[in-house]
Every structure is written in structure tokens, then in C-alpha cells.
file upload_33.pdb (PDB, C-alpha atoms)
ATOM      1  CA  GLN V   7      -5.863 110.340  -0.654
ATOM      2  CA  VAL V   8      -6.108 107.147   1.419
ATOM      3  CA  LEU V   9      -6.836 109.201   4.537
ATOM      4  CA  THR V  10      -9.621 111.058   2.714
ATOM      5  CA  ASN V  11     -11.174 107.768   1.563
ATOM      6  CA  LEU V  12     -11.051 106.365   5.105
ATOM      7  CA  GLN V  13     -12.786 109.445   6.501
ATOM      8  CA  LYS V  14     -15.579 109.122   3.922
ATOM      9  CA  GLN V  15     -16.415 105.562   4.981
ATOM     10  CA  PRO V  16     -19.559 105.453   7.124
ATOM     11  CA  GLN V  17     -19.120 104.852  10.828
ATOM     12  CA  THR V  18     -20.816 101.703  12.110
ATOM     13  CA  ASN V  19     -23.369 102.596  14.758
ATOM     14  CA  TYR V  20     -23.426  99.888  17.367
ATOM     15  CA  LEU V  21     -26.174  99.376  19.902
ATOM     16  CA  GLN V  22     -25.856 101.799  22.859
ATOM     17  CA  TRP V  23     -28.996 100.973  24.874
ATOM     18  CA  ILE V  24     -31.038  97.849  25.510
ATOM     19  CA  LYS V  25     -34.782  98.384  25.897
ATOM     20  CA  ALA V  26     -36.147  95.819  28.349
ATOM     21  CA  GLN V  27     -39.753  95.420  29.436
ATOM     22  CA  GLN V  28     -40.144  95.670  33.207
ATOM     23  CA  ASN V  29     -43.721  95.329  34.461
ATOM     24  CA  GLU V  30     -45.669  98.156  32.782
ATOM     25  CA  SER V  31     -42.668 100.236  31.768
ATOM     26  CA  VAL V  32     -39.616 100.055  29.530
ATOM     27  CA  ARG V  33     -36.206 100.143  31.153
ATOM     28  CA  LEU V  34     -33.195 101.509  29.264
ATOM     29  CA  ILE V  35     -30.003  99.617  30.074
ATOM     30  CA  PRO V  36     -26.650 101.007  28.873
ATOM     31  CA  VAL V  37     -24.901  98.306  26.839
ATOM     32  CA  GLY V  38     -21.717  98.791  28.886
ATOM     33  CA  ASP V  39     -23.593  97.693  32.036
ATOM     34  CA  VAL V  40     -24.427  94.289  30.542
ATOM     35  CA  ASP V  41     -22.356  91.363  31.864
ATOM     36  CA  TYR V  42     -23.689  88.877  29.320
ATOM     37  CA  PHE V  43     -26.657  87.852  27.185
ATOM     38  CA  GLN V  44     -28.129  84.338  27.440
ATOM     39  CA  ALA V  45     -30.700  82.872  25.038
ATOM     40  CA  GLU V  46     -33.808  81.649  26.844
ATOM     41  CA  ASP V  47     -36.475  80.088  24.563
ATOM     42  CA  LYS V  48     -37.883  82.889  22.365
ATOM     43  CA  TYR V  49     -36.357  85.586  24.568
ATOM     44  CA  THR V  50     -32.888  86.666  25.625
ATOM     45  CA  LEU V  51     -31.845  87.244  29.230
ATOM     46  CA  VAL V  52     -29.838  90.417  29.795
ATOM     47  CA  MET V  53     -27.659  89.906  32.861
ATOM     48  CA  THR V  54     -26.417  93.004  34.702
ATOM     49  CA  ALA V  55     -25.183  93.778  38.211
ATOM     50  CA  GLU V  56     -28.690  95.115  38.940
ATOM     51  CA  GLY V  57     -30.470  91.928  37.894
ATOM     52  CA  GLU V  58     -31.871  90.036  34.926
ATOM     53  CA  PHE V  59     -34.114  91.437  32.235
ATOM     54  CA  LEU V  60     -35.885  89.836  29.287
ATOM     55  CA  ILE V  61     -35.777  91.206  25.753
ATOM     56  CA  LYS V  62     -37.309  89.908  22.532
ATOM     57  CA  LYS V  63     -34.109  90.045  20.454
ATOM     58  CA  SER V  64     -32.327  86.880  19.441
ATOM     59  CA  ILE V  65     -28.638  86.210  20.017
ATOM     60  CA  ARG V  66     -28.154  86.381  16.239
ATOM     61  CA  GLU V  67     -29.689  89.887  16.100
ATOM     62  CA  LEU V  68     -27.606  91.060  19.059
ATOM     63  CA  THR V  69     -24.401  89.728  17.507
ATOM     64  CA  ALA V  70     -24.999  91.890  14.450
ATOM     65  CA  GLU V  71     -25.838  95.009  16.527
ATOM     66  CA  LEU V  72     -23.131  94.870  19.236
ATOM     67  CA  ASP V  73     -19.549  96.118  18.886
ATOM     68  CA  PRO V  74     -17.455  92.981  18.139
ATOM     69  CA  ASP V  75     -14.482  94.490  19.993
ATOM     70  CA  LYS V  76     -16.525  94.710  23.210
ATOM     71  CA  PHE V  77     -18.902  91.735  22.983
ATOM     72  CA  TRP V  78     -17.911  88.212  21.989
ATOM     73  CA  GLN V  79     -20.210  85.334  21.255
ATOM     74  CA  ILE V  80     -18.744  82.409  23.215
ATOM     75  CA  HIS V  81     -21.548  79.896  22.679
ATOM     76  CA  ARG V  82     -24.529  79.689  20.343
ATOM     77  CA  ALA V  83     -26.662  80.919  23.242
ATOM     78  CA  THR V  84     -24.252  83.321  24.979
ATOM     79  CA  ILE V  85     -22.652  86.694  24.263
ATOM     80  CA  VAL V  86     -20.271  88.083  26.888
ATOM     81  CA  ASN V  87     -19.002  91.600  27.611
ATOM     82  CA  VAL V  88     -15.222  91.261  27.184
ATOM     83  CA  ALA V  89     -14.548  93.966  29.793
ATOM     84  CA  LYS V  90     -16.328  91.840  32.431
ATOM     85  CA  ILE V  91     -14.173  88.730  31.916
ATOM     86  CA  GLU V  92     -12.008  87.929  34.944
ATOM     87  CA  GLU V  93     -10.412  84.691  33.765
ATOM     88  CA  VAL V  94     -10.680  81.944  31.192
ATOM     89  CA  GLY V  95      -9.968  78.319  32.011
ATOM     90  CA  ARG V  96     -10.566  74.823  30.702
ATOM     91  CA  THR V  97     -12.443  71.806  31.958
ATOM     92  CA  LEU V  98     -10.877  68.344  32.040
ATOM     93  CA  THR V  99     -12.584  67.627  28.721
ATOM     94  CA  GLY V 100     -11.000  70.680  27.065
ATOM     95  CA  ARG V 101     -14.054  72.927  27.034
ATOM     96  CA  GLY V 102     -13.497  76.583  27.839
ATOM     97  CA  ILE V 103     -14.961  78.244  30.909
ATOM     98  CA  VAL V 104     -15.293  81.996  31.409
ATOM     99  CA  LYS V 105     -15.424  83.470  34.923
ATOM    100  CA  LEU V 106     -16.841  86.991  35.066
ATOM    101  CA  LYS V 107     -15.953  89.729  37.536
ATOM    102  CA  ASN V 108     -18.418  90.015  40.439
ATOM    103  CA  ARG V 109     -20.545  87.052  39.242
ATOM    104  CA  PRO V 110     -20.667  83.560  40.746
ATOM    105  CA  GLU V 111     -21.664  81.637  37.609
ATOM    106  CA  GLN V 112     -19.255  80.290  35.029
ATOM    107  CA  LEU V 113     -20.078  80.375  31.320
ATOM    108  CA  LEU V 114     -19.181  77.595  28.908
ATOM    109  CA  VAL V 115     -17.228  78.425  25.772
ATOM    110  CA  SER V 116     -18.049  76.114  22.891
ATOM    111  CA  ARG V 117     -15.175  74.683  20.862
ATOM    112  CA  HIS V 118     -16.307  76.737  17.883
ATOM    113  CA  PHE V 119     -15.586  80.004  19.759
ATOM    114  CA  LEU V 120     -12.526  78.881  21.777
ATOM    115  CA  HIS V 121     -10.197  80.528  19.213
ATOM    116  CA  LEU V 122     -11.205  83.957  20.623
ATOM    117  CA  PHE V 123      -9.121  83.242  23.717
ATOM    118  CA  LYS V 124      -5.979  81.891  22.028
ATOM    119  CA  GLN V 125      -4.284  85.316  22.119
ATOM    120  CA  MET V 126      -5.003  85.772  25.824
TER     121      MET V 126
END

call {"tool": "encode", "arguments": {"input": "upload_33.pdb", "output": "C-alpha cells"}}
result
Amino acid sequence: QVLTNLQKQPQTNYLQWIKAQQNESVRLIPVGDVDYFQAEDKYTLVMTAEGEFLIKKSIRELTAELDPDKFWQIHRATIVNVAKIEEVGRTLTGRGIVKLKNRPEQLLVSRHFLHLFKQM
């Protein structure tokens, strides 16, 4: 009976594609190709290995639409693809720093989201 009830529960459909404006066309970016999202004024930067793209979704909207097992919000302005994380460290002041695979920049982890990395 429990198994039947579990099968009846609706599946959550997470975002699969990001639609980004590029010149006069729309580019479809698979969500798995995204390294991280960074809030930038009224827009959000989508960072991939191919480059950066702007979308008009907020970080709050993206947090609700992305799979929480694959994308973690690490700062009020940053969501990172967990599969792209190479290492997590700390600054001298105790702030977290995330280093991504194949990317030179380091992303700050706010204290509010540092608990995500306690099990690592």
C-alpha cells in the first residue's frame, strides 16, 4: 500500500534547459552544462565552459526550478552545479571558498550556506 501511494505522488519536473538571449536568437543551454549562476543586477549570468550568457530569471526563481540534489545555492547571489565542484576550502576568516573544475575563479560560500559542505 505504501509503495502504491509513493508511485501516485507526482514527479517534480526540474528545469532541463536554460533559454538565453544571444544577439537576435535564443540559445538553449542544457542545465547539466552550467557551471554556476551568478546574480548580476536585474539579470543572472549563466556560466558554462562555452562562455557566459544572460537570462532574465532571478536566483530565487532558479532555486525553485533547479534540482536541489544537483544545484546548491552557496551565496545569496550564486548557485553552483555540485558536479562541477573540485574542492571546498576556507579563508583565514572562516568563509568558505569553492573551486570549480576547469575554471580559474573561486566562489565565496556565505556562512548561511556553509552547512551544505559539512558532510564533505

call {"tool": "axis_aligned_box", "arguments": {"input": "upload_33.pdb", "around": "region 58-62 of chain V", "padding_each_side": "5 Å", "output": "lines of an AutoDock Vina configuration file"}}
result
center_x = -34.6
center_y = 90.6
center_z = 28.7
size_x = 15.4
size_y = 11.6
size_z = 22.4

call {"tool": "resolve_selection", "arguments": {"input": "upload_33.pdb", "expression": "the PyMOL selection byres ((chain V and resi 25) around 9)", "output": "list in words"}}
result
Trp23, Ile24, Ala26, Gln27, Val32, Arg33, Leu34, Ile35 and Ile61 of chain V

call {"tool": "residues_around", "arguments": {"input": "upload_33.pdb", "residues": "region 85-92 of chain V", "least_positions_apart": "4", "cutoff": "12 Å", "atoms": "all atoms listed in the file", "output": "CSV table (one decimal) with C-alpha atoms, in the frame of the given file"}}
result
chain,number,residue,atom,x,y,z
V,37,VAL,CA,-24.9,98.3,26.8
V,38,GLY,CA,-21.7,98.8,28.9
V,39,ASP,CA,-23.6,97.7,32.0
V,40,VAL,CA,-24.4,94.3,30.5
V,41,ASP,CA,-22.4,91.4,31.9
V,42,TYR,CA,-23.7,88.9,29.3
V,43,PHE,CA,-26.7,87.9,27.2
V,44,GLN,CA,-28.1,84.3,27.4
V,45,ALA,CA,-30.7,82.9,25.0
V,50,THR,CA,-32.9,86.7,25.6
V,51,LEU,CA,-31.8,87.2,29.2
V,52,VAL,CA,-29.8,90.4,29.8
V,53,MET,CA,-27.7,89.9,32.9
V,54,THR,CA,-26.4,93.0,34.7
V,55,ALA,CA,-25.2,93.8,38.2
V,64,SER,CA,-32.3,86.9,19.4
V,65,ILE,CA,-28.6,86.2,20.0
V,66,ARG,CA,-28.2,86.4,16.2
V,67,GLU,CA,-29.7,89.9,16.1
V,68,LEU,CA,-27.6,91.1,19.1
V,69,THR,CA,-24.4,89.7,17.5
V,70,ALA,CA,-25.0,91.9,14.4
V,71,GLU,CA,-25.8,95.0,16.5
V,72,LEU,CA,-23.1,94.9,19.2
V,73,ASP,CA,-19.5,96.1,18.9
V,74,PRO,CA,-17.5,93.0,18.1
V,75,ASP,CA,-14.5,94.5,20.0
V,76,LYS,CA,-16.5,94.7,23.2
V,77,PHE,CA,-18.9,91.7,23.0
V,78,TRP,CA,-17.9,88.2,22.0
V,79,GLN,CA,-20.2,85.3,21.3
V,80,ILE,CA,-18.7,82.4,23.2
V,81,HIS,CA,-21.5,79.9,22.7
V,103,ILE,CA,-15.0,78.2,30.9
V,104,VAL,CA,-15.3,82.0,31.4
V,105,LYS,CA,-15.4,83.5,34.9
V,106,LEU,CA,-16.8,87.0,35.1
V,107,LYS,CA,-16.0,89.7,37.5
V,108,ASN,CA,-18.4,90.0,40.4
V,109,ARG,CA,-20.5,87.1,39.2
V,110,PRO,CA,-20.7,83.6,40.7
V,111,GLU,CA,-21.7,81.6,37.6
V,112,GLN,CA,-19.3,80.3,35.0
V,113,LEU,CA,-20.1,80.4,31.3
V,114,LEU,CA,-19.2,77.6,28.9
V,115,VAL,CA,-17.2,78.4,25.8
V,116,SER,CA,-18.0,76.1,22.9
V,119,PHE,CA,-15.6,80.0,19.8
V,122,LEU,CA,-11.2,84.0,20.6
V,123,PHE,CA,-9.1,83.2,23.7
V,126,MET,CA,-5.0,85.8,25.8

call {"tool": "atom_distance", "arguments": {"input": "upload_33.pdb", "atom1": "CA of Gly102 (chain V)", "atom2": "CA of Lys63 (chain V)"}}
result
25.7 Å

call {"tool": "closest_residue", "arguments": {"input": "upload_33.pdb", "among": "V:Pro36, V:His121, V:Asn29, V:Asp47", "to": "Ala83 (chain V)", "atoms": "all atoms listed in the file"}}
result
V:Asp47

call {"tool": "atom_distance", "arguments": {"input": "upload_33.pdb", "atom1": "CA of Ser31 (chain V)", "atom2": "CA of Glu56 (chain V)"}}
result
16.5 Å

call {"tool": "atom_distance", "arguments": {"input": "upload_33.pdb", "atom1": "CA of Glu58 (chain V)", "atom2": "CA of Glu93 (chain V)"}}
result
22.1 Å

call {"tool": "decode", "arguments": {"input": "upload_33.pdb", "residues": "region 34-58 of chain V", "atoms": "N, CA and C atoms", "output": "mmCIF file, in the first residue's frame"}}
result
data_model
loop_
_atom_site.group_PDB
_atom_site.id
_atom_site.type_symbol
_atom_site.label_atom_id
_atom_site.label_comp_id
_atom_site.auth_asym_id
_atom_site.auth_seq_id
_atom_site.Cartn_x
_atom_site.Cartn_y
_atom_site.Cartn_z
ATOM 1 N N LEU V 34 19.582 27.533 -26.446
ATOM 2 C CA LEU V 34 19.164 26.562 -25.443
ATOM 3 C C LEU V 34 20.407 25.920 -24.826
ATOM 4 N N ILE V 35 20.535 26.055 -23.522
ATOM 5 C CA ILE V 35 21.690 25.524 -22.804
ATOM 6 C C ILE V 35 21.209 24.392 -21.897
ATOM 7 N N PRO V 36 21.731 23.177 -22.062
ATOM 8 C CA PRO V 36 21.352 22.100 -21.136
ATOM 9 C C PRO V 36 21.784 22.458 -19.708
ATOM 10 N N VAL V 37 20.918 22.253 -18.751
ATOM 11 C CA VAL V 37 21.210 22.618 -17.368
ATOM 12 C C VAL V 37 22.472 21.931 -16.865
ATOM 13 N N GLY V 38 22.733 20.716 -17.299
ATOM 14 C CA GLY V 38 23.933 19.992 -16.878
ATOM 15 C C GLY V 38 25.227 20.627 -17.337
ATOM 16 N N ASP V 39 25.173 21.487 -18.369
ATOM 17 C CA ASP V 39 26.371 22.169 -18.870
ATOM 18 C C ASP V 39 26.714 23.418 -18.072
ATOM 19 N N VAL V 40 25.821 23.836 -17.194
ATOM 20 C CA VAL V 40 26.025 25.068 -16.424
ATOM 21 C C VAL V 40 26.996 24.800 -15.278
ATOM 22 N N ASP V 41 28.031 25.654 -15.164
ATOM 23 C CA ASP V 41 28.966 25.564 -14.037
ATOM 24 C C ASP V 41 28.359 26.236 -12.811
ATOM 25 N N TYR V 42 27.872 27.485 -13.023
ATOM 26 C CA TYR V 42 27.205 28.187 -11.928
ATOM 27 C C TYR V 42 26.380 29.352 -12.470
ATOM 28 N N PHE V 43 25.501 29.850 -11.621
ATOM 29 C CA PHE V 43 24.679 31.022 -11.905
ATOM 30 C C PHE V 43 25.116 32.125 -10.950
ATOM 31 N N GLN V 44 25.225 33.356 -11.472
ATOM 32 C CA GLN V 44 25.649 34.495 -10.649
ATOM 33 C C GLN V 44 24.706 35.659 -10.905
ATOM 34 N N ALA V 45 24.094 36.187 -9.843
ATOM 35 C CA ALA V 45 23.196 37.335 -9.979
ATOM 36 C C ALA V 45 23.989 38.556 -10.419
ATOM 37 N N GLU V 46 23.430 39.292 -11.363
ATOM 38 C CA GLU V 46 24.081 40.476 -11.920
ATOM 39 C C GLU V 46 22.990 41.518 -12.188
ATOM 40 N N ASP V 47 22.797 42.448 -11.236
ATOM 41 C CA ASP V 47 21.732 43.452 -11.306
ATOM 42 C C ASP V 47 20.367 42.778 -11.483
ATOM 43 N N LYS V 48 19.654 43.116 -12.555
ATOM 44 C CA LYS V 48 18.321 42.540 -12.784
ATOM 45 C C LYS V 48 18.393 41.238 -13.578
ATOM 46 N N TYR V 49 19.588 40.832 -13.940
ATOM 47 C CA TYR V 49 19.781 39.627 -14.741
ATOM 48 C C TYR V 49 20.577 38.604 -13.957
ATOM 49 N N THR V 50 20.702 37.412 -14.542
ATOM 50 C CA THR V 50 21.538 36.368 -13.960
ATOM 51 C C THR V 50 22.510 35.889 -15.033
ATOM 52 N N LEU V 51 23.779 35.810 -14.665
ATOM 53 C CA LEU V 51 24.803 35.274 -15.562
ATOM 54 C C LEU V 51 24.783 33.757 -15.476
ATOM 55 N N VAL V 52 24.757 33.106 -16.625
ATOM 56 C CA VAL V 52 24.854 31.655 -16.709
ATOM 57 C C VAL V 52 26.265 31.356 -17.193
ATOM 58 N N MET V 53 27.063 30.728 -16.353
ATOM 59 C CA MET V 53 28.456 30.459 -16.685
ATOM 60 C C MET V 53 28.612 29.004 -17.114
ATOM 61 N N THR V 54 29.106 28.811 -18.345
ATOM 62 C CA THR V 54 29.359 27.473 -18.878
ATOM 63 C C THR V 54 30.783 27.424 -19.411
ATOM 64 N N ALA V 55 31.211 26.248 -19.839
ATOM 65 C CA ALA V 55 32.537 26.104 -20.445
ATOM 66 C C ALA V 55 32.613 26.879 -21.759
ATOM 67 N N GLU V 56 31.464 27.071 -22.417
ATOM 68 C CA GLU V 56 31.422 27.778 -23.697
ATOM 69 C C GLU V 56 31.406 29.291 -23.549
ATOM 70 N N GLY V 57 31.086 29.788 -22.372
ATOM 71 C CA GLY V 57 31.044 31.232 -22.165
ATOM 72 C C GLY V 57 29.990 31.636 -21.161
ATOM 73 N N GLU V 58 29.682 32.956 -21.167
ATOM 74 C CA GLU V 58 28.678 33.493 -20.258
ATOM 75 C C GLU V 58 27.470 33.960 -21.052
#
